[in-house]
Amino acid sequence: MLKMQSLSKVYRTEMVETYALRHFELEVRQGEFVAVTGPSGSGKTTFLTIAGLLEAFSGGTYLLDGVDVSHMADDERSRIRNQKIGFIFQAFNLIPDLNVLDNIEVPLRYRGMSGAERRQRAADALARVGLSARGRHYPNELSGGQQQRVAIARALAGSPKLLLADEPTGNLDSQMARGVMDLLEELHLEGATIVMVTHDPQLAARAQRNVHVIDGQVVDIAAELHLDPSLLRQRATTASSAT
Ligand SMILES: Nc1ncnc2c1ncn2[C@@H]1O[C@H](COP(=O)(O)OP(=O)(O)OP(=O)(O)O)[C@@H](O)[C@H]1O
């Protein structure tokens with residue numbers, strides 16, 4: 001699904017060059033749930049913005065779903081981003097003046113769908129995250145955990161090939177964070193490919209595989225858990241019955 005080879009990203013100002021990523025190597029297979037961890041400033045967000053085609057990189061190769069996006073023009077890159085990628089951010093990024101269903105529809109406007117199809121997909125995605133009754137509510141009428149579920153529904157509505165999450169539970173208390181992690185685990189068991197950046201080792205432990213980044217490089221992919229789906233399902237059940 002995602003393959004980065006010797007990827008580098010340099011931020012240049014007049015005085016300083018910062019290598020945010022250097023010889024960055026990562027492969028994520030379809031259906032994997034990968035957590036990317038590492039200290040502050042190690043390059044995790046830079047990796048995620050490049051993986052999500054939000055930012056260009058300086059060198060190396062990036063294959064997304066078999067397509068080499070390394071030298072792509074900006075408009076083509078945005079087209080692929082809208083088609084293939086769903087984003088979940090720490091700050092939810094919902095639009096306060098739009099109700100929940102309208103928020104979920106926003107990215108679908110770039111997919112050339114009819115209004116009826118957009119509404120149907122938004123309703124289906126909202127049902128998937130268990131919030132059908134909240135479609136006409138506004139974001140400030142929802143709890144933080146519910147807002148993040150809406151943001152996940154928005155990411156899912158376009159049926160993305162790849163879900164990218166940046167500290168998805170960073171603004172939530174521990175109970176709500178558990179609910180959001182349960183949902184991500186369920187989506188993974190249903191076949192979603194998820195890459196999640198997190199500071200939190202406990203959250204990372206719930207992913208299928210951990211990738212550690214230090215100083216812009218992947219340093220430890222030996223910490224893989226390689227759990228089979230039945231074990232993951234068992235773990236998800238235990239986690240949700242504990243809440
Ligand atoms: N726009 C920018 N201009 C210059 N340097 C940048 C820019 N964005 C990031 N950097 C630098 O690149 C490096 C990696 O930053 P990045 O935000 O990817 O780290 P991170 O691991 O996500 O950190 P955190 O966990 O604190 O969010 C840091 O040294 C940072 O200062």
# chains A, B, ... in the order shown; residues from 1 in each chain; ligands from 1
>>> select_by_dssp(residues="segment 142-183 of chain A", states="alpha helix (DSSP H)", output="PyMOL selection string")
chain A and resi 144-157+174-183
>>> closest_atom_pairs(of="chain A", to="ligand 1", cutoff="7 Å", atoms="only C-alpha atoms and all ligand atoms", output="tab-separated table")
residue	atom	partner	partner_atom_place_in_ligand_line	distance
A:Tyr11	CA	ligand 1	4 (C)	4.7
A:Arg12	CA	ligand 1	4 (C)	6.6
A:Thr18	CA	ligand 1	5 (N)	5.9
A:Tyr19	CA	ligand 1	12 (O)	6.5
A:Ala20	CA	ligand 1	12 (O)	4.0
A:Gly38	CA	ligand 1	21 (O)	6.3
A:Pro39	CA	ligand 1	25 (O)	5.9
A:Ser40	CA	ligand 1	26 (O)	3.5
A:Gly41	CA	ligand 1	19 (O)	3.4
A:Ser42	CA	ligand 1	21 (O)	3.8
A:Gly43	CA	ligand 1	18 (O)	3.2
A:Lys44	CA	ligand 1	21 (O)	3.9
A:Thr45	CA	ligand 1	22 (O)	3.6
A:Thr46	CA	ligand 1	18 (O)	3.7
A:Phe47	CA	ligand 1	18 (O)	6.4
A:His199	CA	ligand 1	25 (O)	6.7
A:Gly216	CA	ligand 1	14 (C)	7.0
>>> residues_around(residues="Leu53 of chain A", least_positions_apart="5", cutoff="8 Å", atoms="only C-alpha atoms", output="ChimeraX atom specification")
/A:77-78,81
>>> residues_around(residues="Met196 of chain A", least_positions_apart="5", cutoff="8 Å", atoms="only C-alpha atoms", output="NGL selection string")
:A and (33-36 or 164-168)
>>> residues_around(residues="segment 54-71 of chain A", least_positions_apart="4", cutoff="7 Å", atoms="only C-alpha atoms", output="ChimeraX atom specification")
/A:1-10,49-50
>>> write_last_selection(atoms="N, CA and C atoms", output="PDB file, in the first residue's frame")
ATOM      1  N   MET A   1       0.831  -1.221   0.000  1.00  0.00           N
ATOM      2  CA  MET A   1       0.000   0.000   0.000  1.00  0.00           C
ATOM      3  C   MET A   1       0.864   1.269   0.000  1.00  0.00           C
ATOM      4  N   LEU A   2       1.904   1.205   0.846  1.00  0.00           N
ATOM      5  CA  LEU A   2       2.788   2.374   0.966  1.00  0.00           C
ATOM      6  C   LEU A   2       4.229   1.871   1.011  1.00  0.00           C
ATOM      7  N   LYS A   3       5.074   2.433   0.174  1.00  0.00           N
ATOM      8  CA  LYS A   3       6.474   2.015   0.195  1.00  0.00           C
ATOM      9  C   LYS A   3       7.359   3.240   0.019  1.00  0.00           C
ATOM     10  N   MET A   4       8.138   3.536   1.044  1.00  0.00           N
ATOM     11  CA  MET A   4       9.068   4.668   0.961  1.00  0.00           C
ATOM     12  C   MET A   4      10.485   4.119   0.969  1.00  0.00           C
ATOM     13  N   GLN A   5      11.286   4.598   0.020  1.00  0.00           N
ATOM     14  CA  GLN A   5      12.660   4.136  -0.057  1.00  0.00           C
ATOM     15  C   GLN A   5      13.606   5.313  -0.040  1.00  0.00           C
ATOM     16  N   SER A   6      14.498   5.279   0.943  1.00  0.00           N
ATOM     17  CA  SER A   6      15.528   6.317   1.097  1.00  0.00           C
ATOM     18  C   SER A   6      14.958   7.727   0.960  1.00  0.00           C
ATOM     19  N   LEU A   7      13.810   7.916   1.576  1.00  0.00           N
ATOM     20  CA  LEU A   7      13.121   9.207   1.471  1.00  0.00           C
ATOM     21  C   LEU A   7      13.824  10.263   2.325  1.00  0.00           C
ATOM     22  N   SER A   8      13.932  11.459   1.790  1.00  0.00           N
ATOM     23  CA  SER A   8      14.476  12.544   2.615  1.00  0.00           C
ATOM     24  C   SER A   8      13.609  13.790   2.488  1.00  0.00           C
ATOM     25  N   LYS A   9      13.626  14.570   3.559  1.00  0.00           N
ATOM     26  CA  LYS A   9      12.927  15.856   3.550  1.00  0.00           C
ATOM     27  C   LYS A   9      13.812  16.874   4.245  1.00  0.00           C
ATOM     28  N   VAL A  10      14.157  17.903   3.505  1.00  0.00           N
ATOM     29  CA  VAL A  10      15.001  18.955   4.071  1.00  0.00           C
ATOM     30  C   VAL A  10      14.189  20.241   4.110  1.00  0.00           C
ATOM     31  N   THR A  49       2.655  13.809   6.785  1.00  0.00           N
ATOM     32  CA  THR A  49       2.196  14.778   5.778  1.00  0.00           C
ATOM     33  C   THR A  49       2.701  14.382   4.381  1.00  0.00           C
ATOM     34  N   ILE A  50       3.879  13.777   4.342  1.00  0.00           N
ATOM     35  CA  ILE A  50       4.380  13.305   3.039  1.00  0.00           C
ATOM     36  C   ILE A  50       3.586  12.076   2.603  1.00  0.00           C
TER      37      ILE A  50
END
>>> atom_distance(atom1="atom CA of Ala123 of chain A", atom2="atom CA of Pro160 of chain A")
16.3 Å
>>> select_by_dssp(residues="segment 87-172 of chain A", states="strand (DSSP E)", output="MDAnalysis selection string")
chainID A and resid 87:89 162:166
>>> write_last_selection(atoms="N, CA and C atoms", output="mmCIF file, in the first residue's frame")
data_model
loop_
_atom_site.group_PDB
_atom_site.id
_atom_site.type_symbol
_atom_site.label_atom_id
_atom_site.label_comp_id
_atom_site.auth_asym_id
_atom_site.auth_seq_id
_atom_site.Cartn_x
_atom_site.Cartn_y
_atom_site.Cartn_z
ATOM 1 N N PHE A 87 -7.879 11.314 6.369
ATOM 2 C CA PHE A 87 -7.058 11.854 7.456
ATOM 3 C C PHE A 87 -7.857 11.949 8.757
ATOM 4 N N ILE A 88 -7.200 11.627 9.852
ATOM 5 C CA ILE A 88 -7.777 11.837 11.180
ATOM 6 C C ILE A 88 -6.734 12.626 11.973
ATOM 7 N N PHE A 89 -7.129 13.824 12.429
ATOM 8 C CA PHE A 89 -6.165 14.700 13.104
ATOM 9 C C PHE A 89 -6.452 14.764 14.604
ATOM 10 N N LEU A 162 -6.207 4.204 2.350
ATOM 11 C CA LEU A 162 -5.266 4.363 3.462
ATOM 12 C C LEU A 162 -5.804 5.409 4.426
ATOM 13 N N LEU A 163 -5.849 5.032 5.734
ATOM 14 C CA LEU A 163 -6.256 5.993 6.763
ATOM 15 C C LEU A 163 -5.005 6.449 7.502
ATOM 16 N N LEU A 164 -4.803 7.767 7.559
ATOM 17 C CA LEU A 164 -3.643 8.312 8.265
ATOM 18 C C LEU A 164 -4.135 9.074 9.490
ATOM 19 N N ALA A 165 -3.618 8.728 10.659
ATOM 20 C CA ALA A 165 -4.089 9.355 11.894
ATOM 21 C C ALA A 165 -2.912 9.979 12.626
ATOM 22 N N ASP A 166 -3.054 11.266 12.977
ATOM 23 C CA ASP A 166 -1.981 11.968 13.699
ATOM 24 C C ASP A 166 -2.435 12.216 15.129
#
>>> atom_distance(atom1="atom CA of Gly145 of chain A", atom2="atom CA of Gly130 of chain A")
11.8 Å
>>> closest_residue(among="A:Val16, A:His137, A:Gly52, A:Arg22", to="Val213 of chain A", atoms="only C-alpha atoms")
A:Arg22
>>> residues_around(residues="Leu131 of chain A", least_positions_apart="2", cutoff="12 Å", atoms="only C-alpha atoms", output="MDAnalysis selection string")
chainID A and resid 100:101 122:129 133:137 142:143 145:153
>>> write_last_selection(atoms="N, CA and C atoms", output="compact mmCIF listing (two decimals), in the first residue's frame")
# COMPACT_ATOMS: atom_id res chain seq x y z
N VAL A 100 -23.10 17.77 11.55
CA VAL A 100 -22.25 16.59 11.45
C VAL A 100 -22.28 15.98 10.04
N LEU A 101 -23.48 15.81 9.48
CA LEU A 101 -23.56 15.19 8.15
C LEU A 101 -22.89 16.06 7.09
N ALA A 122 -22.42 9.78 3.55
CA ALA A 122 -22.23 10.43 4.84
C ALA A 122 -23.06 9.73 5.91
N ALA A 123 -24.31 9.40 5.56
CA ALA A 123 -25.18 8.72 6.53
C ALA A 123 -24.62 7.34 6.87
N ASP A 124 -24.12 6.62 5.86
CA ASP A 124 -23.56 5.28 6.10
C ASP A 124 -22.33 5.37 7.00
N ALA A 125 -21.47 6.36 6.72
CA ALA A 125 -20.23 6.48 7.52
C ALA A 125 -20.57 6.84 8.97
N LEU A 126 -21.58 7.70 9.13
CA LEU A 126 -21.97 8.09 10.49
C LEU A 126 -22.53 6.88 11.25
N ALA A 127 -23.31 6.07 10.53
CA ALA A 127 -23.84 4.85 11.17
C ALA A 127 -22.68 3.94 11.57
N ARG A 128 -21.66 3.88 10.71
CA ARG A 128 -20.53 2.99 11.00
C ARG A 128 -19.83 3.35 12.31
N VAL A 129 -19.82 4.64 12.66
CA VAL A 129 -19.15 5.02 13.91
C VAL A 129 -20.17 5.16 15.06
N ALA A 133 -27.75 9.12 15.24
CA ALA A 133 -28.72 10.03 15.86
C ALA A 133 -28.20 11.47 15.94
N ARG A 134 -26.94 11.68 15.64
CA ARG A 134 -26.33 13.01 15.82
C ARG A 134 -26.11 13.79 14.52
N GLY A 135 -26.66 13.30 13.42
CA GLY A 135 -26.37 13.90 12.12
C GLY A 135 -26.68 15.38 12.01
N ARG A 136 -27.73 15.84 12.70
CA ARG A 136 -28.12 17.25 12.58
C ARG A 136 -27.52 18.10 13.69
N HIS A 137 -26.73 17.51 14.55
CA HIS A 137 -26.08 18.29 15.61
C HIS A 137 -24.86 19.03 15.05
N LEU A 142 -21.32 18.13 20.70
CA LEU A 142 -20.85 16.75 20.88
C LEU A 142 -19.66 16.72 21.83
N SER A 143 -19.47 15.55 22.48
CA SER A 143 -18.27 15.38 23.33
C SER A 143 -17.04 15.26 22.42
N GLY A 145 -14.91 12.85 22.28
CA GLY A 145 -14.85 11.50 21.70
C GLY A 145 -15.80 11.37 20.53
N GLN A 146 -17.00 11.98 20.67
CA GLN A 146 -17.96 11.93 19.56
C GLN A 146 -17.45 12.73 18.37
N GLN A 147 -16.83 13.88 18.66
CA GLN A 147 -16.29 14.69 17.55
C GLN A 147 -15.22 13.90 16.78
N GLN A 148 -14.41 13.17 17.53
CA GLN A 148 -13.38 12.41 16.83
C GLN A 148 -14.00 11.27 16.03
N ARG A 149 -15.11 10.70 16.53
CA ARG A 149 -15.80 9.65 15.75
C ARG A 149 -16.35 10.25 14.46
N VAL A 150 -16.87 11.48 14.54
CA VAL A 150 -17.36 12.15 13.33
C VAL A 150 -16.19 12.36 12.35
N ALA A 151 -15.05 12.78 12.90
CA ALA A 151 -13.88 12.99 12.04
C ALA A 151 -13.46 11.67 11.38
N ILE A 152 -13.60 10.57 12.12
CA ILE A 152 -13.26 9.27 11.53
C ILE A 152 -14.29 8.91 10.45
N ALA A 153 -15.57 9.22 10.72
CA ALA A 153 -16.60 8.98 9.70
C ALA A 153 -16.28 9.79 8.44
>>> residues_around(residues="Val211 of chain A", least_positions_apart="2", cutoff="12 Å", atoms="only C-alpha atoms", output="count of residues only")
35
>>> closest_residue(among="A:Thr13, A:Gln175, A:Gln83, A:Thr169", to="Ala155 of chain A", atoms="only C-alpha atoms")
A:Gln83
>>> atom_distance(atom1="atom CA of Glu186 of chain A", atom2="atom CA of Gly86 of chain A")
16.2 Å
>>> decode(residues="segment 41-80 of chain A", atoms="N, CA and C atoms", output="PDB file, in the first residue's frame")
ATOM      1  N   GLY A  41      10.060  15.920  17.603  1.00  0.00           N
ATOM      2  CA  GLY A  41      11.027  16.444  16.633  1.00  0.00           C
ATOM      3  C   GLY A  41      11.709  15.372  15.805  1.00  0.00           C
ATOM      4  N   SER A  42      11.287  14.094  15.958  1.00  0.00           N
ATOM      5  CA  SER A  42      11.993  13.019  15.248  1.00  0.00           C
ATOM      6  C   SER A  42      11.575  12.905  13.785  1.00  0.00           C
ATOM      7  N   GLY A  43      10.437  13.548  13.422  1.00  0.00           N
ATOM      8  CA  GLY A  43      10.038  13.515  12.011  1.00  0.00           C
ATOM      9  C   GLY A  43       8.719  12.801  11.753  1.00  0.00           C
ATOM     10  N   LYS A  44       7.979  12.465  12.802  1.00  0.00           N
ATOM     11  CA  LYS A  44       6.745  11.680  12.635  1.00  0.00           C
ATOM     12  C   LYS A  44       5.695  12.430  11.807  1.00  0.00           C
ATOM     13  N   THR A  45       5.463  13.704  12.176  1.00  0.00           N
ATOM     14  CA  THR A  45       4.445  14.475  11.448  1.00  0.00           C
ATOM     15  C   THR A  45       4.899  14.742  10.023  1.00  0.00           C
ATOM     16  N   THR A  46       6.182  15.002   9.853  1.00  0.00           N
ATOM     17  CA  THR A  46       6.701  15.199   8.491  1.00  0.00           C
ATOM     18  C   THR A  46       6.432  13.953   7.653  1.00  0.00           C
ATOM     19  N   PHE A  47       6.718  12.782   8.231  1.00  0.00           N
ATOM     20  CA  PHE A  47       6.440  11.526   7.525  1.00  0.00           C
ATOM     21  C   PHE A  47       4.961  11.445   7.130  1.00  0.00           C
ATOM     22  N   LEU A  48       4.076  11.757   8.097  1.00  0.00           N
ATOM     23  CA  LEU A  48       2.640  11.601   7.834  1.00  0.00           C
ATOM     24  C   LEU A  48       2.146  12.577   6.758  1.00  0.00           C
ATOM     25  N   THR A  49       2.655  13.809   6.785  1.00  0.00           N
ATOM     26  CA  THR A  49       2.196  14.778   5.778  1.00  0.00           C
ATOM     27  C   THR A  49       2.701  14.382   4.381  1.00  0.00           C
ATOM     28  N   ILE A  50       3.879  13.777   4.342  1.00  0.00           N
ATOM     29  CA  ILE A  50       4.380  13.305   3.039  1.00  0.00           C
ATOM     30  C   ILE A  50       3.586  12.076   2.603  1.00  0.00           C
ATOM     31  N   ALA A  51       3.355  11.155   3.548  1.00  0.00           N
ATOM     32  CA  ALA A  51       2.578   9.948   3.225  1.00  0.00           C
ATOM     33  C   ALA A  51       1.199  10.345   2.699  1.00  0.00           C
ATOM     34  N   GLY A  52       0.628  11.425   3.260  1.00  0.00           N
ATOM     35  CA  GLY A  52      -0.702  11.878   2.859  1.00  0.00           C
ATOM     36  C   GLY A  52      -0.690  12.810   1.671  1.00  0.00           C
ATOM     37  N   LEU A  53       0.452  12.964   1.032  1.00  0.00           N
ATOM     38  CA  LEU A  53       0.598  13.813  -0.164  1.00  0.00           C
ATOM     39  C   LEU A  53       0.201  15.258   0.111  1.00  0.00           C
ATOM     40  N   LEU A  54       0.410  15.691   1.357  1.00  0.00           N
ATOM     41  CA  LEU A  54       0.131  17.088   1.702  1.00  0.00           C
ATOM     42  C   LEU A  54       1.383  17.932   1.484  1.00  0.00           C
ATOM     43  N   GLU A  55       2.511  17.248   1.427  1.00  0.00           N
ATOM     44  CA  GLU A  55       3.765  17.987   1.292  1.00  0.00           C
ATOM     45  C   GLU A  55       4.706  17.201   0.362  1.00  0.00           C
ATOM     46  N   ALA A  56       5.529  17.922  -0.390  1.00  0.00           N
ATOM     47  CA  ALA A  56       6.503  17.269  -1.268  1.00  0.00           C
ATOM     48  C   ALA A  56       7.718  16.848  -0.440  1.00  0.00           C
ATOM     49  N   PHE A  57       8.530  15.945  -0.988  1.00  0.00           N
ATOM     50  CA  PHE A  57       9.754  15.550  -0.283  1.00  0.00           C
ATOM     51  C   PHE A  57      10.964  15.882  -1.140  1.00  0.00           C
ATOM     52  N   SER A  58      12.145  15.741  -0.542  1.00  0.00           N
ATOM     53  CA  SER A  58      13.342  16.255  -1.209  1.00  0.00           C
ATOM     54  C   SER A  58      14.078  15.204  -2.030  1.00  0.00           C
ATOM     55  N   GLY A  59      13.993  13.925  -1.632  1.00  0.00           N
ATOM     56  CA  GLY A  59      14.692  12.878  -2.372  1.00  0.00           C
ATOM     57  C   GLY A  59      14.139  11.522  -2.005  1.00  0.00           C
ATOM     58  N   GLY A  60      14.489  10.496  -2.825  1.00  0.00           N
ATOM     59  CA  GLY A  60      14.001   9.146  -2.568  1.00  0.00           C
ATOM     60  C   GLY A  60      12.747   8.842  -3.360  1.00  0.00           C
ATOM     61  N   THR A  61      12.119   7.720  -3.035  1.00  0.00           N
ATOM     62  CA  THR A  61      10.958   7.254  -3.790  1.00  0.00           C
ATOM     63  C   THR A  61       9.800   6.942  -2.863  1.00  0.00           C
ATOM     64  N   TYR A  62       8.602   7.246  -3.336  1.00  0.00           N
ATOM     65  CA  TYR A  62       7.394   6.916  -2.583  1.00  0.00           C
ATOM     66  C   TYR A  62       6.386   6.295  -3.543  1.00  0.00           C
ATOM     67  N   LEU A  63       6.052   5.027  -3.265  1.00  0.00           N
ATOM     68  CA  LEU A  63       5.011   4.342  -4.033  1.00  0.00           C
ATOM     69  C   LEU A  63       3.769   4.255  -3.163  1.00  0.00           C
ATOM     70  N   LEU A  64       2.654   4.764  -3.667  1.00  0.00           N
ATOM     71  CA  LEU A  64       1.390   4.698  -2.941  1.00  0.00           C
ATOM     72  C   LEU A  64       0.422   3.857  -3.762  1.00  0.00           C
ATOM     73  N   ASP A  65      -0.001   2.745  -3.185  1.00  0.00           N
ATOM     74  CA  ASP A  65      -0.919   1.846  -3.883  1.00  0.00           C
ATOM     75  C   ASP A  65      -0.378   1.516  -5.283  1.00  0.00           C
ATOM     76  N   GLY A  66       0.920   1.273  -5.332  1.00  0.00           N
ATOM     77  CA  GLY A  66       1.565   0.856  -6.580  1.00  0.00           C
ATOM     78  C   GLY A  66       1.909   1.978  -7.539  1.00  0.00           C
ATOM     79  N   VAL A  67       1.559   3.231  -7.175  1.00  0.00           N
ATOM     80  CA  VAL A  67       1.824   4.354  -8.092  1.00  0.00           C
ATOM     81  C   VAL A  67       2.984   5.183  -7.546  1.00  0.00           C
ATOM     82  N   ASP A  68       3.955   5.457  -8.413  1.00  0.00           N
ATOM     83  CA  ASP A  68       5.094   6.275  -7.988  1.00  0.00           C
ATOM     84  C   ASP A  68       4.663   7.744  -7.966  1.00  0.00           C
ATOM     85  N   VAL A  69       4.599   8.300  -6.755  1.00  0.00           N
ATOM     86  CA  VAL A  69       4.117   9.681  -6.632  1.00  0.00           C
ATOM     87  C   VAL A  69       5.285  10.662  -6.449  1.00  0.00           C
ATOM     88  N   SER A  70       6.514  10.140  -6.651  1.00  0.00           N
ATOM     89  CA  SER A  70       7.700  10.935  -6.331  1.00  0.00           C
ATOM     90  C   SER A  70       7.795  12.237  -7.118  1.00  0.00           C
ATOM     91  N   HIS A  71       7.462  12.188  -8.396  1.00  0.00           N
ATOM     92  CA  HIS A  71       7.680  13.392  -9.215  1.00  0.00           C
ATOM     93  C   HIS A  71       6.379  13.913  -9.800  1.00  0.00           C
ATOM     94  N   MET A  72       5.338  13.760  -9.046  1.00  0.00           N
ATOM     95  CA  MET A  72       4.018  14.098  -9.565  1.00  0.00           C
ATOM     96  C   MET A  72       3.721  15.591  -9.445  1.00  0.00           C
ATOM     97  N   ALA A  73       2.978  16.135 -10.413  1.00  0.00           N
ATOM     98  CA  ALA A  73       2.570  17.543 -10.323  1.00  0.00           C
ATOM     99  C   ALA A  73       1.555  17.697  -9.191  1.00  0.00           C
ATOM    100  N   ASP A  74       1.461  18.923  -8.653  1.00  0.00           N
ATOM    101  CA  ASP A  74       0.614  19.169  -7.487  1.00  0.00           C
ATOM    102  C   ASP A  74      -0.846  18.776  -7.699  1.00  0.00           C
ATOM    103  N   ASP A  75      -1.390  19.105  -8.902  1.00  0.00           N
ATOM    104  CA  ASP A  75      -2.820  18.826  -9.090  1.00  0.00           C
ATOM    105  C   ASP A  75      -3.099  17.329  -9.148  1.00  0.00           C
ATOM    106  N   GLU A  76      -2.153  16.589  -9.745  1.00  0.00           N
ATOM    107  CA  GLU A  76      -2.304  15.127  -9.810  1.00  0.00           C
ATOM    108  C   GLU A  76      -2.185  14.532  -8.397  1.00  0.00           C
ATOM    109  N   ARG A  77      -1.260  15.082  -7.636  1.00  0.00           N
ATOM    110  CA  ARG A  77      -1.071  14.629  -6.257  1.00  0.00           C
ATOM    111  C   ARG A  77      -2.345  14.868  -5.421  1.00  0.00           C
ATOM    112  N   SER A  78      -2.967  16.042  -5.602  1.00  0.00           N
ATOM    113  CA  SER A  78      -4.205  16.295  -4.844  1.00  0.00           C
ATOM    114  C   SER A  78      -5.311  15.353  -5.273  1.00  0.00           C
ATOM    115  N   ARG A  79      -5.349  15.037  -6.572  1.00  0.00           N
ATOM    116  CA  ARG A  79      -6.387  14.129  -7.060  1.00  0.00           C
ATOM    117  C   ARG A  79      -6.236  12.759  -6.386  1.00  0.00           C
ATOM    118  N   ILE A  80      -5.002  12.266  -6.342  1.00  0.00           N
ATOM    119  CA  ILE A  80      -4.762  10.954  -5.725  1.00  0.00           C
ATOM    120  C   ILE A  80      -5.059  11.025  -4.226  1.00  0.00           C
TER     121      ILE A  80
END
